[in-house]
Amino acid sequence: MPWWTFGLGRPPQVPKDALTAAYARATGPQPLTAAASEIAAPVSTLLRHTDAWQEEVWRYYDTLGEFNYAVSWLSAMLSRVRLYAAELVPGQDEPVRLEKGPAVDVMNRFAGGVAGQTAIMASLAVQLAVPGEGYLVGEEKDGAEHWAVRSTDEVDARNRKWRVKDEQAPNGDVWRDVTNGHVFRVWRPHKRWYHLADSSARSARGTMRELEMVNRHILAQYLSRLASAGVWLLPNEVTFPVREEFADMPNPLMLEIIELARLAIAEPGTASAVIPLILQLPEESLEKSKFLDFTLKIDEKVIEKRESAIKRLATQVNIPAEVLLGMGDISHWGQWAVSEEALKVTIAPEAELIAQAITKSYLQPRMVAGGEDPKDIGRF
């Protein structure tokens with residue numbers, strides 16, 4: 001049973017120009033034909049594979065805490081958006097919310113209601129913020145609709161059938177066919193190439209590269225201090241407690257220092273990481289001993305570079321800069337103003353993009369299948 005007949009009985013006659021704006025219904029992979037290219041983008045062109053820049057920003061999402069926080073904030077904000085069916089009324093600036101009717105019933109069933117729609121909005125927010133695109137996959141299982149957001153790495157096609165990564169597979173690398181389902185793409189179009197996805201993370205990669213390198217440099221400095229504070233140049237008559245496992249070694253002191261360095265890196269929060277190595281020296285040998293400091297000094301300019309990179313990143317990603325930089329210096333009213341601005345400038349456009357995609361690819365075809373006219377109906 002195809003997706004549009006869930007409880008409706010017959011498929012909709014979706015017009016061929018439905019493949020418009022930043023969404024595309026995909027009933028199955030189709031070959032490109034001259035006729036199709038003249039009407040609308042064929043389904044085959046909507047199957048996207050991850051580009052090199054998208055691979056890079058996904059890596060930053062996994063490893064760069066500042067970028068992950070920004071995306072997580074946006075995802076949390078979008079999860080609070082509620083979808084409902086509304087009607088466009090001539091003369092009204094805003095659509096009028098419907099309280100009952102087929103459109104309301106279809107909306108209530110989507111993703112299992114409010115809880116499922118919350119998860120859908122949060123996941124799509126991540127896809128739009130990181131690679132700029134994602135897929136929404138609906139399937140019928142055990143007589144019920146199940147919806148999930150998938151990245152471009154999790155959707156593929158073979159033998160004119162859509163496939164997704166099997167979420168039940170132990171290693172997560174097994175494909176399964178999408179049967180009795182619906183797949184459509186949601187993306188933010190690039191301003192030059194409409195069929196390609198775009199996101200603010202794409203142009204922020206240079207800053208994220210710099211921030212990653214600065215973070216690594218600072219980490220290396222800290223690790224060098226944990227591994228070894230330096231070395232003593234000592235006379236031969238120096239004695240020290242020898243571990244049993246090092247007793248028969250030719251240079252037990254060197255092995256002892258290496259072992260202490262290993263423990264300090266493996267367990268930096270323990271007392272053994274900071275307790276110094278104790279050596280016993282004759283009084284006349286103390287003046288002969290010499291300490292060489294091998295540690296890298298923490299460069300204050302490096303810290304300043306990191307702060308500068310974070311500030312630049314805050315102005316490049318699609319969230320208010322104050323969210324990433326913190327609101328400690330902003331008054332209560334200032335924080336309210338930031339939240340209001342974020343709602344209008346950041347959250348509303350993202351919500352409208354997703355709602356429009358679901359309207360054209362899900363709600364209106366379902367209404368057509370039920371014999372309704374979806375002309376002025378939308379999801380907002």
# chains A, B, ... in the order shown; residues from 1 in each chain; ligands from 1
>>> residues_around(residues="region 148-153 of chain A", least_positions_apart="2", cutoff="8 Å", atoms="only C-alpha atoms", output="JSON, numbers by chain")
{"A": [48, 49, 50, 120, 123, 124, 127, 133, 134, 135, 136, 137, 138, 146, 155, 156]}
>>> residues_around(residues="region 198-213 of chain A", least_positions_apart="2", cutoff="9 Å", atoms="only C-alpha atoms", output="PyMOL selection string")
chain A and resi 53-54+56-57+60+63-64+67+128-133+187-191+196+215-218+305-310+312-313+316-318
>>> write_last_selection(atoms="N, CA and C atoms", output="short mmCIF file (atom, residue, chain, number, x, y, z; two decimals), in the first residue's frame")
data_model
loop_
_atom_site.label_atom_id
_atom_site.label_comp_id
_atom_site.auth_asym_id
_atom_site.auth_seq_id
_atom_site.Cartn_x
_atom_site.Cartn_y
_atom_site.Cartn_z
N TRP A 53 32.29 19.43 1.34
CA TRP A 53 32.12 20.44 2.39
C TRP A 53 31.13 19.96 3.46
N GLN A 54 30.15 19.15 3.04
CA GLN A 54 29.21 18.62 4.02
C GLN A 54 29.87 17.59 4.93
N GLU A 56 32.91 17.74 5.85
CA GLU A 56 33.73 18.52 6.77
C GLU A 56 32.89 19.12 7.90
N VAL A 57 31.75 19.70 7.57
CA VAL A 57 30.95 20.33 8.63
C VAL A 57 30.32 19.27 9.55
N TYR A 60 32.92 18.63 12.08
CA TYR A 60 32.96 19.69 13.09
C TYR A 60 31.79 19.58 14.05
N THR A 63 32.96 17.06 16.55
CA THR A 63 34.19 17.28 17.32
C THR A 63 34.34 18.69 17.87
N LEU A 64 33.67 19.67 17.30
CA LEU A 64 33.84 21.05 17.72
C LEU A 64 32.66 21.44 18.61
N PHE A 67 30.49 24.65 17.76
CA PHE A 67 29.56 24.50 16.64
C PHE A 67 28.41 23.57 17.02
N LEU A 128 19.29 20.93 8.35
CA LEU A 128 19.36 22.20 7.64
C LEU A 128 20.52 23.06 8.11
N ALA A 129 20.89 22.94 9.39
CA ALA A 129 21.96 23.77 9.93
C ALA A 129 23.34 23.23 9.57
N VAL A 130 23.48 21.92 9.39
CA VAL A 130 24.79 21.35 9.13
C VAL A 130 25.01 21.16 7.62
N PRO A 131 24.42 20.14 6.98
CA PRO A 131 24.66 20.01 5.53
C PRO A 131 23.70 20.82 4.68
N GLY A 132 22.62 21.34 5.30
CA GLY A 132 21.65 22.12 4.54
C GLY A 132 20.56 21.32 3.89
N GLU A 133 20.51 20.01 4.13
CA GLU A 133 19.50 19.16 3.50
C GLU A 133 19.33 17.87 4.29
N TRP A 187 15.46 20.87 1.82
CA TRP A 187 16.77 21.49 1.74
C TRP A 187 16.66 23.01 1.63
N ARG A 188 17.73 23.67 1.97
CA ARG A 188 17.83 25.11 1.78
C ARG A 188 18.57 25.33 0.47
N PRO A 189 17.92 25.84 -0.55
CA PRO A 189 18.56 25.94 -1.86
C PRO A 189 19.71 26.95 -1.86
N HIS A 190 20.75 26.59 -2.58
CA HIS A 190 21.85 27.52 -2.80
C HIS A 190 21.34 28.63 -3.71
N LYS A 191 21.80 29.84 -3.44
CA LYS A 191 21.26 30.98 -4.19
C LYS A 191 21.71 30.98 -5.65
N LEU A 196 21.16 22.47 -5.37
CA LEU A 196 22.17 22.18 -4.36
C LEU A 196 21.77 22.78 -3.02
N ASN A 215 42.41 24.85 19.32
CA ASN A 215 42.05 23.93 20.40
C ASN A 215 43.07 22.79 20.52
N ARG A 216 43.50 22.28 19.38
CA ARG A 216 44.50 21.21 19.40
C ARG A 216 45.83 21.70 19.96
N HIS A 217 46.20 22.94 19.62
CA HIS A 217 47.45 23.50 20.11
C HIS A 217 47.41 23.66 21.63
N ILE A 218 46.30 24.14 22.14
CA ILE A 218 46.17 24.30 23.59
C ILE A 218 46.17 22.94 24.28
N LYS A 305 43.48 34.11 20.51
CA LYS A 305 43.10 33.67 19.17
C LYS A 305 41.85 32.79 19.22
N ARG A 306 41.79 31.93 20.24
CA ARG A 306 40.61 31.08 20.35
C ARG A 306 39.36 31.91 20.61
N GLU A 307 39.45 32.87 21.50
CA GLU A 307 38.31 33.73 21.77
C GLU A 307 37.89 34.50 20.53
N SER A 308 38.88 34.95 19.76
CA SER A 308 38.58 35.67 18.53
C SER A 308 37.87 34.77 17.53
N ALA A 309 38.33 33.52 17.41
CA ALA A 309 37.70 32.58 16.48
C ALA A 309 36.27 32.27 16.90
N ILE A 310 36.03 32.12 18.19
CA ILE A 310 34.68 31.85 18.68
C ILE A 310 33.76 33.02 18.37
N ARG A 312 34.05 35.17 15.91
CA ARG A 312 33.77 35.19 14.47
C ARG A 312 32.78 34.09 14.11
N LEU A 313 32.94 32.92 14.71
CA LEU A 313 32.00 31.83 14.44
C LEU A 313 30.60 32.21 14.87
N GLN A 316 28.83 33.99 12.22
CA GLN A 316 28.72 33.30 10.94
C GLN A 316 27.65 32.23 10.90
N VAL A 317 27.41 31.56 12.03
CA VAL A 317 26.38 30.53 12.06
C VAL A 317 25.02 31.19 12.25
N ASN A 318 23.99 30.43 11.94
CA ASN A 318 22.64 30.99 11.89
C ASN A 318 21.96 30.98 13.26
#
>>> select_by_dssp(residues="region 80-145 of chain A", states="strand (DSSP E)", output="ChimeraX atom specification")
/A:85-87,96-97,133-141,144-145
>>> atom_distance(atom1="CA of Ala261 (chain A)", atom2="CA of Tyr222 (chain A)")
12.6 Å
>>> closest_residue(among="A:Thr118, A:Val104, A:Trp58, A:Ala111", to="Val81 (chain A)", atoms="only C-alpha atoms")
A:Thr118
>>> closest_residue(among="A:Ser75, A:Asn180, A:Thr359, A:Gln92", to="Pro374 (chain A)", atoms="only C-alpha atoms")
A:Thr359
>>> closest_atom_pairs(of="region 67-156 of chain A", to="region 343-346 of chain A", cutoff="12 Å", atoms="only C-alpha atoms", output="Markdown table")
| residue | atom | partner | partner_atom | distance |
| --- | --- | --- | --- | --- |
| A:Val71 | CA | A:Thr346 | CA | 11.9 |
| A:Trp73 | CA | A:Thr346 | CA | 11.3 |
| A:Leu74 | CA | A:Thr346 | CA | 8.4 |
| A:Ser75 | CA | A:Thr346 | CA | 11.3 |
| A:Met77 | CA | A:Leu343 | CA | 8.6 |
| A:Leu78 | CA | A:Thr346 | CA | 9.7 |
| A:Arg80 | CA | A:Leu343 | CA | 11.1 |
| A:Val81 | CA | A:Leu343 | CA | 10.4 |
| A:Ala125 | CA | A:Thr346 | CA | 11.1 |
| A:Ala129 | CA | A:Thr346 | CA | 11.0 |
>>> write_last_selection(atoms="N, CA and C atoms", output="JSON list (two decimals), in the first residue's frame")
[["chain", "number", "residue", "atom", "x", "y", "z"],
["A", 71, "VAL", "N", 24.29, 24.45, 16.91],
["A", 71, "VAL", "CA", 23.30, 23.63, 16.20],
["A", 71, "VAL", "C", 22.28, 23.06, 17.18],
["A", 73, "TRP", "N", 21.31, 24.33, 19.99],
["A", 73, "TRP", "CA", 20.40, 25.41, 20.41],
["A", 73, "TRP", "C", 19.31, 25.62, 19.37],
["A", 74, "LEU", "N", 19.70, 25.67, 18.10],
["A", 74, "LEU", "CA", 18.72, 25.86, 17.04],
["A", 74, "LEU", "C", 17.74, 24.69, 16.99],
["A", 75, "SER", "N", 18.26, 23.48, 17.17],
["A", 75, "SER", "CA", 17.41, 22.30, 17.16],
["A", 75, "SER", "C", 16.40, 22.34, 18.31],
["A", 77, "MET", "N", 15.24, 25.00, 19.80],
["A", 77, "MET", "CA", 14.25, 26.04, 19.53],
["A", 77, "MET", "C", 13.22, 25.57, 18.52],
["A", 78, "LEU", "N", 13.67, 24.90, 17.46],
["A", 78, "LEU", "CA", 12.73, 24.40, 16.45],
["A", 78, "LEU", "C", 11.82, 23.32, 17.00],
["A", 80, "ARG", "N", 10.29, 23.34, 19.64],
["A", 80, "ARG", "CA", 9.16, 23.95, 20.33],
["A", 80, "ARG", "C", 8.10, 24.48, 19.38],
["A", 81, "VAL", "N", 8.38, 24.44, 18.07],
["A", 81, "VAL", "CA", 7.41, 24.89, 17.08],
["A", 81, "VAL", "C", 6.33, 23.84, 16.91],
["A", 125, "ALA", "N", 15.99, 20.45, 11.86],
["A", 125, "ALA", "CA", 16.77, 21.64, 12.16],
["A", 125, "ALA", "C", 18.26, 21.35, 12.08],
["A", 129, "ALA", "N", 20.89, 22.94, 9.39],
["A", 129, "ALA", "CA", 21.96, 23.77, 9.93],
["A", 129, "ALA", "C", 23.34, 23.23, 9.57]]
>>> atom_distance(atom1="CA of Gln356 (chain A)", atom2="CA of Glu372 (chain A)")
18.6 Å
>>> atom_distance(atom1="CA of Asp173 (chain A)", atom2="CA of Ala76 (chain A)")
28.3 Å
